[in-house]
Every structure is written in structure tokens, then in C-alpha cells.
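Novice: Quick one: the structure is below, questions incoming.
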Amino acid sequence: MKKRPGFGTLTVHAGEEDRSGYHPSSMPLYQSSTFFFGDTQSGVDILEGRKEGYIYTRIGNPTVRAFEDKIKALEGTEAAVAFASGMAAIAAVLLELLRPGDEVISCRQVYGGTTAFYENILTRLNCPVHYFHPQEDPDEKLTAVVSKRTKLIFFETPTNPELSIVDMARIAALAKGHKIMSVIDNTFATPYLQRPLASGIDCVVHSATKYIGGHGDAIGGVVAGSRRFVTRLRQSMLLSHGACLSPFNAWLFLRGLRTLHVRMDRHCGTAAALAGFLEGHTRVRSVLYPGLKTHPGHATAKKQMSDFGGMVAFRLADRKACRRFIDRLKLCRTGVSLGDTETIMLHPANLFYPKLSDAECLRKGVDPLLIRISTGLEDAEDILADIEQALKTL
Ligand code: PLP
């Protein structure tokens, strides 16, 4: 498939400018909480933006800044600001944009932590969330819920965990038509596979914990968007809310990003092979992968993504089979995260809602039979063989 030209050069080089004068091959880790500024005037000049420099890592750090600059280059935005986790980044955007009584439009299929934020925090602020279905709802259904108090549309594509596809250009047009801010969680696709800004989306958030880091060793998040909005986030959320990214994690993310394109190519290739294999397997009820022609969002995914991603979902006959399958795996691991070097499988219903019936799960928007795979970097044949032997035991 058509990939982004020049992306590999950006991932290796962008943002990593160290001003120490030593010309290191890797951006140094400035593991320092405070930076001394010499005299009072220099401190004032740095604080007021007349002089380049750093004061305190909660509001800025050279290693964190390098990570932000790399993300800015990869997403093609004016600016980026890092946070302590993906959730901290999402919370910062929502809290910055919303005032009590404001409203949000969101696709129903978003990361569970985001839904929990809607339910636990936005409810307290009296900010209702109106949900839409990424692939089924027509434009009229979306426009019907827009009111004078609607401040933003928040969505993911591909969604977690069903891998539904939202048409980014359609959301951008709707948002612009109603002067609403559009925000995408681009964690699953990464800037290598899709560039939301090019489709007209205003703001991008990431859980850097996933593909950006890529090695399952650091938690972090980042927001990329206009200089104006990112400055607002820096001055309000970072300064006062305080969920800053640690320099060490920024350093790990910089290292992870250098190989993002190489890893994503491998993840996508393996995911396509797994989806094809699972689709033809008699014990598998259905497979959800945007690269399959049978996927309802295939045409949109082809239009807006340069490949279909490293995540695959599939359904087995019942929950007992799902449990047995997961527990019989030998090479693939079971866990909640994704985008790592290891293949990770998750059956959300059995893990998070073991006491709920299938019908109760469905009422909560959780597919009781769905297993999510985050394909790792192992050899595809080994992953396939492990899945096959686990399926045989059903
Ligand atoms: N967005 C998506 C799509 C996720 O999958 C996750 C975590 O799994 C998050 C956001 C939250 O990120 P973090 O765990 O870094 O807070």
C-alpha cells in the first residue's frame, strides 16, 4: 500500500536537536527537575519567552521538548505537548475545552478509560455526551444532536476494540460546519498510517504507551494541534494540573519513534496474515479487521489509511470458548495493553465483566464474544501456529 514518503527520515531525525554542542547521536536524557538560570533577568526572560531555556521540568524539559517536536513533525501540526499518560492527555483536552453545561459528541466505541472519564468526571461537570455509531449512523443523526452547547467531537478510528472505522473527512466537515472542535485519539493508527490533520481534524491525542513507545516499558501521552490550543494546554493543564511526562519516558518514546515505521510495517503484515487465517477457520465466528473486504469500514479505511493497522479482533462461539482459547495460548500473552513487541490478546468481557451475562455486557456496549489481538513482532508463522493449537483445543 501507499506509505507516507519521507516518514522514515522524519522518525529518525525530527526533533532531536541537542544544543549542548557535543553532537550526540541520541538525544540526551536531561534527568533534571530544575534548571538554573544564572541571574534573575535570565530567569524572567526564559519565563516570558524572550530567551530559550528551561526552568522546571513540569513546564518544560529538553528531552520532553524533543519528543514533542518529533510528534509535531510526524503529525504535521504546529505544536505538541506531552503528558504523563494517554488518559492525562485526553483529560487535559476535555477539561480545557469544556465548561459546566457544555456538550460532547463521541463515538460509542472509544477506549474504556475515556468512557469512564465521561461517566465519572464529565457527569460531575454536567457535560452530557451524545454518542454516535462510527459506521452506521448517517450525517442527519449526528447533526440532530449538535446544540449551541456542543464544544467538541471526540472519536477514535480504528476504534478500540471493535476496529470500526470513522470517516475523518466527514467528521471534520461536520465539526467545521458547526464551529466545533474535532479531536481524534490516533493511538491505534499512529501518524504513520493516518494523518488526521490532512483530513481536516483539529487536534490529535495519543497514548504514547502503545505503538509510539512500542516496547511496553513506559506510560505517556501527547496532544498535537494548533500552536494556540497547545499553548493553552501548556499554560493551564500542564502548569496547574501537573501531569507532566517524565524525561526518562520521553527519552524512551524518542527511541521508540525512531523505528515506528519499521515496526508498523511488520505489525500490519502480521495482522493481515492473522485476519486472513482466522477468517477461514471453522471455529471462528467472525473476524473484524479493516483490511478485510468484508469489513463495513474497508472502503473508508482504504481512503484514509496507508495500511490497516496491527490490531485484529475476532469472535468465538461463546464465552467459555473465549476463556479456554485465551488460557491455552503458549506464545501469545494475555494482557490489557497493545502496540508492544509481544503479541497480546484480550477478552474484555471475561476480564472486566466476569459476573455479567452476555446480555448485560451488550447493554454496556461490550461485545461478550470478542477477542482483541495486538500483533507483536514475533514471526507470523509462530503466532499463527500458537493460535491454531489453541483453537484446536476448543
Ligand atoms: N487511548 C487508547 C485508544 C487506549 O487504548 C488507551 C489505553 O489503553 C488510552 C487512550 C489511555 O492511555 P494510557 O494508558 O497511556 O493512559
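By order of appearance in the C-alpha cells: chains A, B, ..., then residues from 1 within every chain, and ligands from 1 in the order shown.
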Name the residues, by chain letter and number, that sit within 7 Å of ligand 1 using only C-alpha atoms and all ligand atoms, and give them as a ChimeraX atom specification.

Specialist: /A:85-88,110-111,113,160,185,187-188,206-209,219-221,337

Novice: Print the selection's residues with N, CA, C and O atoms to a file, as a JSON list (two decimals), in the first residue's frame.

Specialist:
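Saved to selection.json:
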[["chain", "number", "residue", "atom", "x", "y", "z"],
["A", 85, "SER", "N", 0.41, 10.41, 30.75],
["A", 85, "SER", "CA", -0.23, 9.20, 30.23],
["A", 85, "SER", "C", -1.19, 9.61, 29.12],
["A", 85, "SER", "O", -1.50, 10.81, 28.96],
["A", 86, "GLY", "N", -1.68, 8.61, 28.39],
["A", 86, "GLY", "CA", -2.69, 8.91, 27.37],
["A", 86, "GLY", "C", -3.93, 9.50, 28.01],
["A", 86, "GLY", "O", -4.53, 10.45, 27.51],
["A", 87, "MET", "N", -4.32, 8.94, 29.17],
["A", 87, "MET", "CA", -5.51, 9.45, 29.86],
["A", 87, "MET", "C", -5.31, 10.89, 30.32],
["A", 87, "MET", "O", -6.23, 11.70, 30.29],
["A", 88, "ALA", "N", -4.09, 11.21, 30.77],
["A", 88, "ALA", "CA", -3.82, 12.59, 31.20],
["A", 88, "ALA", "C", -3.97, 13.54, 30.01],
["A", 88, "ALA", "O", -4.48, 14.65, 30.14],
["A", 110, "VAL", "N", -15.06, 3.96, 22.15],
["A", 110, "VAL", "CA", -13.77, 4.59, 22.46],
["A", 110, "VAL", "C", -13.15, 3.80, 23.61],
["A", 110, "VAL", "O", -13.83, 2.99, 24.26],
["A", 111, "TYR", "N", -11.90, 4.05, 23.86],
["A", 111, "TYR", "CA", -11.19, 3.38, 24.95],
["A", 111, "TYR", "C", -12.02, 3.48, 26.25],
["A", 111, "TYR", "O", -12.57, 4.55, 26.56],
["A", 113, "GLY", "N", -11.29, 3.81, 29.31],
["A", 113, "GLY", "CA", -10.88, 4.87, 30.24],
["A", 113, "GLY", "C", -11.49, 6.21, 29.84],
["A", 113, "GLY", "O", -11.81, 7.04, 30.70],
["A", 160, "ASN", "N", -11.47, 1.13, 19.45],
["A", 160, "ASN", "CA", -11.00, 0.13, 20.41],
["A", 160, "ASN", "C", -12.21, -0.46, 21.14],
["A", 160, "ASN", "O", -12.95, 0.29, 21.77],
["A", 185, "ASP", "N", -8.43, 10.38, 18.85],
["A", 185, "ASP", "CA", -7.42, 9.56, 19.53],
["A", 185, "ASP", "C", -6.80, 8.68, 18.45],
["A", 185, "ASP", "O", -7.43, 7.74, 17.95],
["A", 187, "THR", "N", -4.23, 6.69, 18.57],
["A", 187, "THR", "CA", -3.33, 5.68, 19.15],
["A", 187, "THR", "C", -3.21, 4.43, 18.27],
["A", 187, "THR", "O", -2.13, 3.91, 18.07],
["A", 188, "PHE", "N", -4.34, 3.92, 17.77],
["A", 188, "PHE", "CA", -4.31, 2.66, 17.03],
["A", 188, "PHE", "C", -3.60, 2.79, 15.68],
["A", 188, "PHE", "O", -2.89, 1.89, 15.27],
["A", 206, "HIS", "N", -2.72, 10.98, 21.71],
["A", 206, "HIS", "CA", -2.14, 9.63, 21.65],
["A", 206, "HIS", "C", -1.90, 9.10, 23.05],
["A", 206, "HIS", "O", -1.46, 9.85, 23.92],
["A", 207, "SER", "N", -2.11, 7.80, 23.20],
["A", 207, "SER", "CA", -1.47, 7.12, 24.30],
["A", 207, "SER", "C", -0.11, 6.69, 23.74],
["A", 207, "SER", "O", -0.03, 5.77, 22.92],
["A", 208, "ALA", "N", 0.95, 7.38, 24.16],
["A", 208, "ALA", "CA", 2.30, 7.05, 23.67],
["A", 208, "ALA", "C", 2.77, 5.72, 24.21],
["A", 208, "ALA", "O", 3.73, 5.11, 23.71],
["A", 209, "THR", "N", 2.06, 5.26, 25.25],
["A", 209, "THR", "CA", 2.34, 3.97, 25.88],
["A", 209, "THR", "C", 2.31, 2.82, 24.86],
["A", 209, "THR", "O", 2.95, 1.79, 25.08],
["A", 219, "ILE", "N", 4.82, 4.64, 30.23],
["A", 219, "ILE", "CA", 3.47, 5.22, 30.11],
["A", 219, "ILE", "C", 3.62, 6.70, 29.77],
["A", 219, "ILE", "O", 4.43, 7.40, 30.39],
["A", 220, "GLY", "N", 2.83, 7.16, 28.80],
["A", 220, "GLY", "CA", 2.88, 8.58, 28.46],
["A", 220, "GLY", "C", 1.79, 8.93, 27.46],
["A", 220, "GLY", "O", 1.13, 8.06, 26.90],
["A", 221, "GLY", "N", 1.61, 10.23, 27.25],
["A", 221, "GLY", "CA", 0.60, 10.68, 26.29],
["A", 221, "GLY", "C", 1.04, 11.98, 25.66],
["A", 221, "GLY", "O", 1.98, 12.62, 26.12],
["A", 337, "SER", "N", -2.64, -4.18, 27.45],
["A", 337, "SER", "CA", -2.08, -3.13, 26.60],
["A", 337, "SER", "C", -1.95, -3.61, 25.16],
["A", 337, "SER", "O", -2.40, -4.70, 24.79]]

Novice: Enumerate as a compact mmCIF listing (two decimals) with N, CA, C and O atoms, in the first residue's frame all residues of region 152-342 of chain A assigned to helix (DSSP H, G or I) by DSSP on the backbone, naming them with the chain letters and numbers the document uses.

Specialist:
# COMPACT_ATOMS: atom_id res chain seq x y z
N MET A 168 -12.90 10.28 8.71
CA MET A 168 -12.35 11.51 9.33
C MET A 168 -12.79 12.77 8.59
O MET A 168 -13.09 13.78 9.22
N ALA A 169 -12.84 12.71 7.25
CA ALA A 169 -13.21 13.90 6.48
C ALA A 169 -14.66 14.29 6.77
O ALA A 169 -14.99 15.48 6.85
N ARG A 170 -15.49 13.29 6.98
CA ARG A 170 -16.90 13.54 7.28
C ARG A 170 -17.05 14.23 8.65
O ARG A 170 -17.78 15.21 8.79
N ILE A 171 -16.31 13.74 9.63
CA ILE A 171 -16.36 14.35 10.97
C ILE A 171 -15.80 15.78 10.92
O ILE A 171 -16.36 16.70 11.51
N ALA A 172 -14.70 15.95 10.15
CA ALA A 172 -14.08 17.28 10.07
C ALA A 172 -15.06 18.28 9.43
O ALA A 172 -15.20 19.41 9.91
N ALA A 173 -15.78 17.84 8.39
CA ALA A 173 -16.72 18.74 7.71
C ALA A 173 -17.86 19.11 8.66
O ALA A 173 -18.23 20.29 8.75
N LEU A 174 -18.35 18.12 9.39
CA LEU A 174 -19.44 18.38 10.34
C LEU A 174 -18.98 19.37 11.42
O LEU A 174 -19.68 20.33 11.75
N ALA A 175 -17.79 19.11 11.96
CA ALA A 175 -17.27 19.96 13.03
C ALA A 175 -17.06 21.39 12.54
O ALA A 175 -17.46 22.35 13.20
N LYS A 176 -16.48 21.52 11.35
CA LYS A 176 -16.22 22.87 10.82
C LYS A 176 -17.54 23.60 10.55
O LYS A 176 -17.68 24.78 10.86
N GLY A 177 -18.51 22.85 10.01
CA GLY A 177 -19.82 23.45 9.70
C GLY A 177 -20.50 24.00 10.93
O GLY A 177 -21.27 24.95 10.85
N THR A 190 -1.54 5.45 14.57
CA THR A 190 -0.26 6.18 14.62
C THR A 190 -0.16 7.13 13.41
O THR A 190 -0.83 6.90 12.39
N PRO A 191 0.69 8.16 13.51
CA PRO A 191 0.80 9.09 12.38
C PRO A 191 1.38 8.44 11.12
O PRO A 191 1.28 9.01 10.03
N TYR A 192 1.96 7.26 11.24
CA TYR A 192 2.49 6.58 10.05
C TYR A 192 1.35 6.11 9.15
O TYR A 192 1.44 6.20 7.94
N LEU A 193 0.26 5.62 9.75
CA LEU A 193 -0.82 5.04 8.95
C LEU A 193 -1.92 6.04 8.62
O LEU A 193 -2.67 5.84 7.68
N PRO A 196 -4.59 12.68 10.61
CA PRO A 196 -5.89 13.32 10.80
C PRO A 196 -5.92 14.79 10.35
O PRO A 196 -6.91 15.25 9.81
N LEU A 197 -4.80 15.51 10.55
CA LEU A 197 -4.79 16.93 10.17
C LEU A 197 -5.03 17.11 8.68
O LEU A 197 -5.70 18.04 8.25
N ALA A 198 -4.50 16.17 7.88
CA ALA A 198 -4.67 16.25 6.43
C ALA A 198 -6.14 16.04 6.05
O ALA A 198 -6.57 16.46 4.98
N SER A 199 -6.92 15.39 6.93
CA SER A 199 -8.35 15.20 6.66
C SER A 199 -9.18 16.30 7.28
O SER A 199 -10.41 16.23 7.27
N ARG A 227 -0.86 25.85 17.46
CA ARG A 227 0.02 26.46 18.47
C ARG A 227 -0.82 27.08 19.59
O ARG A 227 -0.51 26.96 20.76
N ARG A 228 -1.93 27.71 19.17
CA ARG A 228 -2.79 28.39 20.14
C ARG A 228 -3.36 27.42 21.18
O ARG A 228 -3.29 27.66 22.39
N PHE A 229 -3.88 26.30 20.68
CA PHE A 229 -4.51 25.36 21.61
C PHE A 229 -3.46 24.67 22.50
O PHE A 229 -3.66 24.51 23.70
N VAL A 230 -2.34 24.31 21.88
CA VAL A 230 -1.28 23.64 22.65
C VAL A 230 -0.73 24.59 23.73
O VAL A 230 -0.46 24.18 24.86
N THR A 231 -0.60 25.87 23.41
CA THR A 231 -0.14 26.84 24.41
C THR A 231 -1.14 26.93 25.56
O THR A 231 -0.76 26.97 26.74
N ARG A 232 -2.42 26.93 25.20
CA ARG A 232 -3.46 26.95 26.26
C ARG A 232 -3.29 25.74 27.18
O ARG A 232 -3.34 25.85 28.39
N LEU A 233 -3.08 24.56 26.56
CA LEU A 233 -2.94 23.34 27.37
C LEU A 233 -1.71 23.42 28.27
O LEU A 233 -1.73 23.02 29.43
N ARG A 234 -0.63 23.94 27.71
CA ARG A 234 0.62 24.05 28.47
C ARG A 234 0.44 24.98 29.66
O ARG A 234 0.88 24.70 30.77
N GLN A 235 -0.23 26.11 29.39
CA GLN A 235 -0.33 27.13 30.44
C GLN A 235 -1.38 26.80 31.50
O GLN A 235 -1.29 27.25 32.62
N SER A 236 -2.39 26.02 31.11
CA SER A 236 -3.41 25.69 32.12
C SER A 236 -3.17 24.29 32.66
O SER A 236 -2.77 24.11 33.81
N MET A 237 -3.33 23.29 31.81
CA MET A 237 -3.32 21.91 32.29
C MET A 237 -1.95 21.46 32.79
O MET A 237 -1.83 20.84 33.84
N LEU A 238 -0.90 21.75 32.02
CA LEU A 238 0.41 21.26 32.42
C LEU A 238 0.88 21.99 33.69
O LEU A 238 1.36 21.38 34.64
N LEU A 239 0.70 23.29 33.66
CA LEU A 239 1.16 24.12 34.78
C LEU A 239 0.37 23.83 36.06
O LEU A 239 0.95 23.60 37.12
N SER A 240 -0.95 23.78 35.94
CA SER A 240 -1.77 23.71 37.15
C SER A 240 -2.24 22.30 37.47
O SER A 240 -2.39 21.94 38.63
N HIS A 241 -2.49 21.51 36.44
CA HIS A 241 -2.96 20.15 36.69
C HIS A 241 -1.75 19.25 36.96
O HIS A 241 -1.81 18.35 37.78
N PRO A 247 11.13 12.89 31.94
CA PRO A 247 12.16 12.94 30.89
C PRO A 247 12.59 11.53 30.45
O PRO A 247 12.83 11.30 29.26
N PHE A 248 12.65 10.61 31.39
CA PHE A 248 13.09 9.26 31.02
C PHE A 248 12.11 8.61 30.05
O PHE A 248 12.51 7.99 29.06
N ASN A 249 10.81 8.78 30.33
CA ASN A 249 9.82 8.21 29.41
C ASN A 249 9.86 8.91 28.05
O ASN A 249 9.70 8.27 27.01
N ALA A 250 10.11 10.23 28.06
CA ALA A 250 10.24 10.95 26.79
C ALA A 250 11.41 10.38 26.00
O ALA A 250 11.33 10.19 24.77
N TRP A 251 12.49 10.07 26.69
CA TRP A 251 13.68 9.51 26.04
C TRP A 251 13.36 8.13 25.44
O TRP A 251 13.74 7.81 24.31
N LEU A 252 12.61 7.33 26.19
CA LEU A 252 12.21 6.01 25.66
C LEU A 252 11.30 6.17 24.44
O LEU A 252 11.41 5.42 23.47
N PHE A 253 10.40 7.15 24.47
CA PHE A 253 9.50 7.37 23.33
C PHE A 253 10.27 7.85 22.10
O PHE A 253 9.95 7.48 20.98
N LEU A 254 11.29 8.69 22.33
CA LEU A 254 12.11 9.14 21.20
C LEU A 254 12.79 7.94 20.55
O LEU A 254 12.84 7.81 19.32
N ARG A 255 13.28 7.05 21.39
CA ARG A 255 13.94 5.85 20.86
C ARG A 255 12.92 4.97 20.13
O ARG A 255 13.18 4.46 19.04
N GLY A 256 11.73 4.83 20.73
CA GLY A 256 10.68 4.04 20.09
C GLY A 256 10.30 4.61 18.73
O GLY A 256 10.17 3.89 17.74
N LEU A 257 10.15 5.93 18.66
CA LEU A 257 9.68 6.55 17.42
C LEU A 257 10.65 6.37 16.27
O LEU A 257 10.25 6.37 15.11
N LEU A 260 9.37 3.50 14.43
CA LEU A 260 7.92 3.35 14.32
C LEU A 260 7.50 2.76 12.97
O LEU A 260 6.71 1.81 12.90
N HIS A 261 8.02 3.33 11.88
CA HIS A 261 7.60 2.90 10.54
C HIS A 261 7.98 1.44 10.27
O HIS A 261 7.22 0.70 9.65
N VAL A 262 9.14 1.04 10.76
CA VAL A 262 9.60 -0.34 10.53
C VAL A 262 8.72 -1.31 11.32
O VAL A 262 8.26 -2.33 10.81
N ARG A 263 8.47 -0.94 12.58
CA ARG A 263 7.62 -1.81 13.42
C ARG A 263 6.20 -1.88 12.87
O ARG A 263 5.59 -2.95 12.80
N MET A 264 5.65 -0.72 12.45
CA MET A 264 4.26 -0.71 11.98
C MET A 264 4.10 -1.56 10.72
O MET A 264 3.09 -2.24 10.55
N ASP A 265 5.10 -1.51 9.83
CA ASP A 265 5.01 -2.36 8.62
C ASP A 265 4.90 -3.83 9.02
O ASP A 265 4.12 -4.59 8.46
N ARG A 266 5.70 -4.21 10.00
CA ARG A 266 5.69 -5.61 10.45
C ARG A 266 4.37 -5.95 11.14
O ARG A 266 3.76 -6.99 10.89
N HIS A 267 3.90 -5.03 12.04
CA HIS A 267 2.62 -5.26 12.72
C HIS A 267 1.49 -5.43 11.69
O HIS A 267 0.66 -6.33 11.81
N CYS A 268 1.48 -4.55 10.68
CA CYS A 268 0.39 -4.58 9.68
C CYS A 268 0.44 -5.88 8.86
O CYS A 268 -0.61 -6.50 8.61
N GLY A 269 1.64 -6.29 8.47
CA GLY A 269 1.78 -7.51 7.68
C GLY A 269 1.29 -8.72 8.45
O GLY A 269 0.54 -9.57 7.93
N THR A 270 1.67 -8.79 9.72
CA THR A 270 1.26 -9.94 10.54
C THR A 270 -0.25 -9.90 10.79
O THR A 270 -0.93 -10.93 10.73
N ALA A 271 -0.79 -8.70 11.05
CA ALA A 271 -2.23 -8.57 11.31
C ALA A 271 -3.02 -9.04 10.09
O ALA A 271 -4.03 -9.76 10.22
N ALA A 272 -2.58 -8.65 8.89
CA ALA A 272 -3.29 -9.07 7.67
C ALA A 272 -3.25 -10.59 7.54
O ALA A 272 -4.26 -11.22 7.19
N ALA A 273 -2.09 -11.18 7.83
CA ALA A 273 -1.97 -12.65 7.74
C ALA A 273 -2.90 -13.33 8.75
O ALA A 273 -3.59 -14.31 8.43
N LEU A 274 -2.94 -12.81 9.98
CA LEU A 274 -3.80 -13.40 11.02
C LEU A 274 -5.27 -13.28 10.64
O LEU A 274 -6.05 -14.22 10.81
N ALA A 275 -5.64 -12.09 10.14
CA ALA A 275 -7.06 -11.86 9.78
C ALA A 275 -7.48 -12.86 8.70
O ALA A 275 -8.55 -13.46 8.78
N GLY A 276 -6.62 -13.05 7.71
CA GLY A 276 -6.93 -14.00 6.62
C GLY A 276 -7.07 -15.41 7.16
O GLY A 276 -8.00 -16.15 6.80
N PHE A 277 -6.17 -15.78 8.05
CA PHE A 277 -6.19 -17.13 8.63
C PHE A 277 -7.46 -17.34 9.46
O PHE A 277 -8.17 -18.34 9.31
N LEU A 278 -7.76 -16.38 10.31
CA LEU A 278 -8.92 -16.51 11.21
C LEU A 278 -10.23 -16.52 10.42
O LEU A 278 -11.17 -17.24 10.75
N GLU A 279 -10.27 -15.74 9.33
CA GLU A 279 -11.49 -15.65 8.54
C GLU A 279 -11.88 -17.01 7.94
O GLU A 279 -13.05 -17.33 7.79
N HIS A 298 -14.15 -0.95 5.28
CA HIS A 298 -12.96 -1.20 4.44
C HIS A 298 -12.67 -0.05 3.47
O HIS A 298 -11.55 0.43 3.37
N ALA A 299 -13.71 0.39 2.76
CA ALA A 299 -13.50 1.43 1.73
C ALA A 299 -13.00 2.72 2.37
O ALA A 299 -12.07 3.37 1.86
N THR A 300 -13.58 3.09 3.52
CA THR A 300 -13.14 4.32 4.20
C THR A 300 -11.72 4.16 4.71
O THR A 300 -10.89 5.07 4.59
N ALA A 301 -11.42 2.98 5.27
CA ALA A 301 -10.06 2.74 5.77
C ALA A 301 -9.06 2.86 4.63
O ALA A 301 -8.00 3.47 4.78
N LYS A 302 -9.43 2.32 3.46
CA LYS A 302 -8.53 2.37 2.30
C LYS A 302 -8.30 3.82 1.87
O LYS A 302 -7.19 4.19 1.47
N LYS A 303 -9.34 4.63 2.01
CA LYS A 303 -9.25 6.03 1.61
C LYS A 303 -8.34 6.82 2.55
O LYS A 303 -7.54 7.65 2.11
N GLN A 304 -8.41 6.55 3.86
CA GLN A 304 -7.75 7.45 4.80
C GLN A 304 -6.53 6.86 5.51
O GLN A 304 -5.83 7.56 6.22
N ARG A 319 -18.61 -17.59 25.47
CA ARG A 319 -17.60 -17.06 26.39
C ARG A 319 -16.70 -18.14 26.96
O ARG A 319 -15.54 -17.89 27.27
N LYS A 320 -17.24 -19.36 27.09
CA LYS A 320 -16.42 -20.46 27.60
C LYS A 320 -15.28 -20.74 26.62
O LYS A 320 -14.13 -20.94 27.00
N ALA A 321 -15.64 -20.73 25.32
CA ALA A 321 -14.62 -20.98 24.28
C ALA A 321 -13.57 -19.86 24.32
O ALA A 321 -12.37 -20.12 24.17
N CYS A 322 -14.03 -18.62 24.54
CA CYS A 322 -13.08 -17.49 24.59
C CYS A 322 -12.09 -17.69 25.73
O CYS A 322 -10.88 -17.51 25.58
N ARG A 323 -12.61 -18.10 26.89
CA ARG A 323 -11.76 -18.29 28.06
C ARG A 323 -10.76 -19.42 27.81
O ARG A 323 -9.56 -19.29 28.09
N ARG A 324 -11.29 -20.53 27.27
CA ARG A 324 -10.41 -21.68 27.03
C ARG A 324 -9.31 -21.30 26.02
O ARG A 324 -8.14 -21.61 26.21
N PHE A 325 -9.71 -20.61 24.96
CA PHE A 325 -8.74 -20.22 23.93
C PHE A 325 -7.62 -19.38 24.56
O PHE A 325 -6.44 -19.68 24.38
N ILE A 326 -8.01 -18.35 25.30
CA ILE A 326 -7.01 -17.44 25.91
C ILE A 326 -6.08 -18.23 26.84
O ILE A 326 -4.86 -18.06 26.81
N ASP A 327 -6.66 -19.13 27.64
CA ASP A 327 -5.85 -19.84 28.63
C ASP A 327 -4.98 -20.94 28.02
O ASP A 327 -4.07 -21.44 28.69
N ARG A 328 -5.26 -21.33 26.78
CA ARG A 328 -4.43 -22.36 26.13
C ARG A 328 -3.28 -21.78 25.31
O ARG A 328 -2.46 -22.52 24.77

Novice: Which is closer to Ser164 (chain A) than all the others in A:Gly49, A:Gly225, A:Pro128, A:Gly291, using only C-alpha atoms?

Specialist: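 Looking only at the distances to Ser164 (chain A), the closest residue turns out to be A:Gly291.
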
Novice: Find the residues near Thr57 (chain A): any atom within 7 Å, counting only C-alpha atoms, skip ones fewer than 2 places away on the same chain, and give them as a list in words.

Specialist: Ser33, Thr34, Ile55, Ile59, Gly60 and Asn61 of chain A

Novice: How many Å separate CA of Pro290 (chain A) from CA of Ala189 (chain A)?

Specialist: 11.3 Å

Novice: For Pro28 (chain A), find every residue with an atom within 10 Å (counting only C-alpha atoms), except residues of its own chain fewer than 2 positions away, and show them as a PDB file with N, CA and C atoms, in the first residue's frame.

Specialist:
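Output saved as selection22.pdb:
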ATOM      1  N   GLU A  16      15.212  15.965  17.198  1.00  0.00           N
ATOM      2  CA  GLU A  16      16.315  15.556  18.081  1.00  0.00           C
ATOM      3  C   GLU A  16      17.499  16.514  18.064  1.00  0.00           C
ATOM      4  N   GLU A  17      17.209  17.783  18.208  1.00  0.00           N
ATOM      5  CA  GLU A  17      18.308  18.740  18.171  1.00  0.00           C
ATOM      6  C   GLU A  17      18.772  19.042  19.591  1.00  0.00           C
ATOM      7  N   ASP A  18      19.998  18.625  19.898  1.00  0.00           N
ATOM      8  CA  ASP A  18      20.540  18.912  21.225  1.00  0.00           C
ATOM      9  C   ASP A  18      21.457  20.123  21.120  1.00  0.00           C
ATOM     10  N   SER A  20      23.647  21.153  23.332  1.00  0.00           N
ATOM     11  CA  SER A  20      24.782  21.103  24.257  1.00  0.00           C
ATOM     12  C   SER A  20      26.108  21.396  23.549  1.00  0.00           C
ATOM     13  N   HIS A  23      27.049  17.234  19.984  1.00  0.00           N
ATOM     14  CA  HIS A  23      26.570  16.482  18.809  1.00  0.00           C
ATOM     15  C   HIS A  23      26.363  14.992  19.091  1.00  0.00           C
ATOM     16  N   PRO A  24      25.580  14.647  20.089  1.00  0.00           N
ATOM     17  CA  PRO A  24      25.359  13.221  20.388  1.00  0.00           C
ATOM     18  C   PRO A  24      24.487  12.558  19.318  1.00  0.00           C
ATOM     19  N   SER A  25      24.671  11.238  19.147  1.00  0.00           N
ATOM     20  CA  SER A  25      23.872  10.531  18.137  1.00  0.00           C
ATOM     21  C   SER A  25      22.461  10.285  18.646  1.00  0.00           C
ATOM     22  N   SER A  26      22.295  10.266  19.971  1.00  0.00           N
ATOM     23  CA  SER A  26      20.967  10.069  20.537  1.00  0.00           C
ATOM     24  C   SER A  26      20.673  11.262  21.441  1.00  0.00           C
ATOM     25  N   TYR A  30      17.845  14.470  29.820  1.00  0.00           N
ATOM     26  CA  TYR A  30      18.044  15.517  30.825  1.00  0.00           C
ATOM     27  C   TYR A  30      17.182  15.174  32.031  1.00  0.00           C
ATOM     28  N   GLN A  31      17.752  14.298  32.888  1.00  0.00           N
ATOM     29  CA  GLN A  31      17.001  13.804  34.049  1.00  0.00           C
ATOM     30  C   GLN A  31      17.176  14.813  35.178  1.00  0.00           C
ATOM     31  N   PRO A  62      14.292  19.672  28.074  1.00  0.00           N
ATOM     32  CA  PRO A  62      14.806  19.493  26.705  1.00  0.00           C
ATOM     33  C   PRO A  62      14.484  18.121  26.091  1.00  0.00           C
ATOM     34  N   THR A  63      14.518  17.051  26.899  1.00  0.00           N
ATOM     35  CA  THR A  63      14.237  15.721  26.332  1.00  0.00           C
ATOM     36  C   THR A  63      12.751  15.604  26.005  1.00  0.00           C
ATOM     37  N   ALA A  66      12.066  17.544  22.879  1.00  0.00           N
ATOM     38  CA  ALA A  66      12.466  16.823  21.665  1.00  0.00           C
ATOM     39  C   ALA A  66      11.381  15.829  21.251  1.00  0.00           C
ATOM     40  N   PRO A 247      11.133  12.889  31.941  1.00  0.00           N
ATOM     41  CA  PRO A 247      12.156  12.938  30.890  1.00  0.00           C
ATOM     42  C   PRO A 247      12.591  11.534  30.448  1.00  0.00           C
ATOM     43  N   PHE A 248      12.645  10.606  31.393  1.00  0.00           N
ATOM     44  CA  PHE A 248      13.092   9.260  31.023  1.00  0.00           C
ATOM     45  C   PHE A 248      12.113   8.611  30.053  1.00  0.00           C
ATOM     46  N   TRP A 251      12.491  10.067  26.685  1.00  0.00           N
ATOM     47  CA  TRP A 251      13.677   9.505  26.037  1.00  0.00           C
ATOM     48  C   TRP A 251      13.357   8.125  25.435  1.00  0.00           C
TER      49      TRP A 251
END

Novice: I need the residues of region 103-300 of chain A that end up classed as strand (DSSP E) by DSSP on the backbone, written out as a PyMOL selection string.

Specialist: chain A and resi 103-107+129-132+150-156+181-185+203-207+221-225+286-288

Novice: Between CA of Asp382 (chain A) and CA of Cys332 (chain A), measure the distance and give it in Å to one decimal.

Specialist: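 About the pair CA of Asp382 (chain A) and CA of Cys332 (chain A): they are 9.3 Å apart.
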
Novice: Which is closest to Asp217 (chain A) among A:Asp167, A:Glu103, A:Asp340, A:Asp379, if we use only C-alpha atoms?

Specialist: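 Using only C-alpha atoms, the shortest distance to Asp217 (chain A) belongs to A:Asp340.
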
Novice: Do you know which residues are at most 6 Å from Val183 (chain A) counting only C-alpha atoms, after dropping those on the same chain fewer than 3 positions away, and could you put them as a ChimeraX atom specification?

Specialist: /A:154,203-204

Novice: Kindly indicate which residue among A:Ala89, A:Leu346, A:Leu331, A:Val336 lies nearest to Val312 (chain A), using only C-alpha atoms for the distances.

Specialist: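 Of all the options, A:Leu346 lies closest to Val312 (chain A).
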
Novice: Neighbouring residues of Thr150 (chain A) were defined as those with any atom within 7 Å, considering only C-alpha atoms; residues of the same chain fewer than 2 positions away were excluded. Please report them as an MDAnalysis selection string.

Specialist: chainID A and resid 102:104 146:148 152 180

Novice: Check the smallest atom-to-atom distance from each of A:Val284, A:Ala116, A:Cys361, A:Leu245 to Glu68 (chain A) using only C-alpha atoms, then report the winner.

Specialist: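 Under the stated criterion, the closest residue is A:Leu245.
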
Novice: Just to confirm, what's the straight-line distance from CA of Leu384 (chain A) to CA of Pro158 (chain A) in Å (one decimal)?

Specialist: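 Those two atoms sit 22.9 Å apart.
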
Novice: Residues near Val145 (chain A), anyone? I mean within 10 Å using only C-alpha atoms, not counting same-chain ones fewer than 6 positions away, as an MDAnalysis selection string.

Specialist: chainID A and resid 103:105 129:132
